[in-house]
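S.K.: This is the structure, below, for whatever I ask next.
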Amino acid sequence: MKKYYAGALSFLVVILVASAGIAADDLKVVKDKEGTTWSVGSDESRERARSEEERDKDRAWDMLRNQSIIIDKRTTK
């Protein structure tokens with residue numbers, strides 16, 4: 001029984017160490033005066049996410065600019 005327990009534990013340790021070594025490039029830590037920012041993912045995926053956020057923000061502004069706004073001037077009593 002102890003052999004199985006030791007085998008399972010060593011297997012788990014090997015898997016965790018291997019995954020930490022593989023994913024070491026995917027973790028980026030940036031420290032500034034406001035705090036620490038942890039980013040997970042490759043540089044390409046982070047850049048893609050940033051460009052997608054900018055594109056979404058531009059689309060939202062375009063939608064607001066092109067929206068016809070109707071102001072209700074009725075008074076409530």
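Naming works like this for the structure tokens: A, B, ... for the chains as they're shown, residue 1 at the start of each chain, ligands 1 onward in shown order.
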Residues of chain A in helix (DSSP H, G or I) according to DSSP, as an MDAnalysis selection string?
M.R.: chainID A and resid 2:26 43:66
S.K.: If we count only C-alpha atoms, what is near A:Trp38 at a cut-off of 8 Å, once residues fewer than 5 positions away on the same chain are taken out, given as a ChimeraX atom specification?
M.R.: /A:27-30
S.K.: Record the distance separating atom CA of A:Ser39 and atom CA of A:Glu52, expressed in Å with one decimal.
M.R.: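 Going from atom CA of A:Ser39 over to atom CA of A:Glu52 covers 16.2 Å.
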S.K.: Could you state the separation of atom CA of A:Gly41 and atom CA of A:Glu53 in Å, given to one decimal place?
M.R.: 16.0 Å
S.K.: Record the distance separating atom CA of A:Arg59 and atom CA of A:Glu44, expressed in Å with one decimal.
M.R.: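 Taking atom CA of A:Arg59 as the start and atom CA of A:Glu44 as the end point, the length is 22.4 Å.
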S.K.: Pull the strand (DSSP E) assignments for chain A out of DSSP run on the backbone, and list those residues as an MDAnalysis selection string.
M.R.: chainID A and resid 27:32 35:40
S.K.: Determine the nearest neighbour of A:Arg46 from the options A:Asp26, A:Tyr5, A:Lys31, A:Arg65, counting only C-alpha atoms.
M.R.: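 Distance minimum relative to A:Arg46 lands on A:Asp26.
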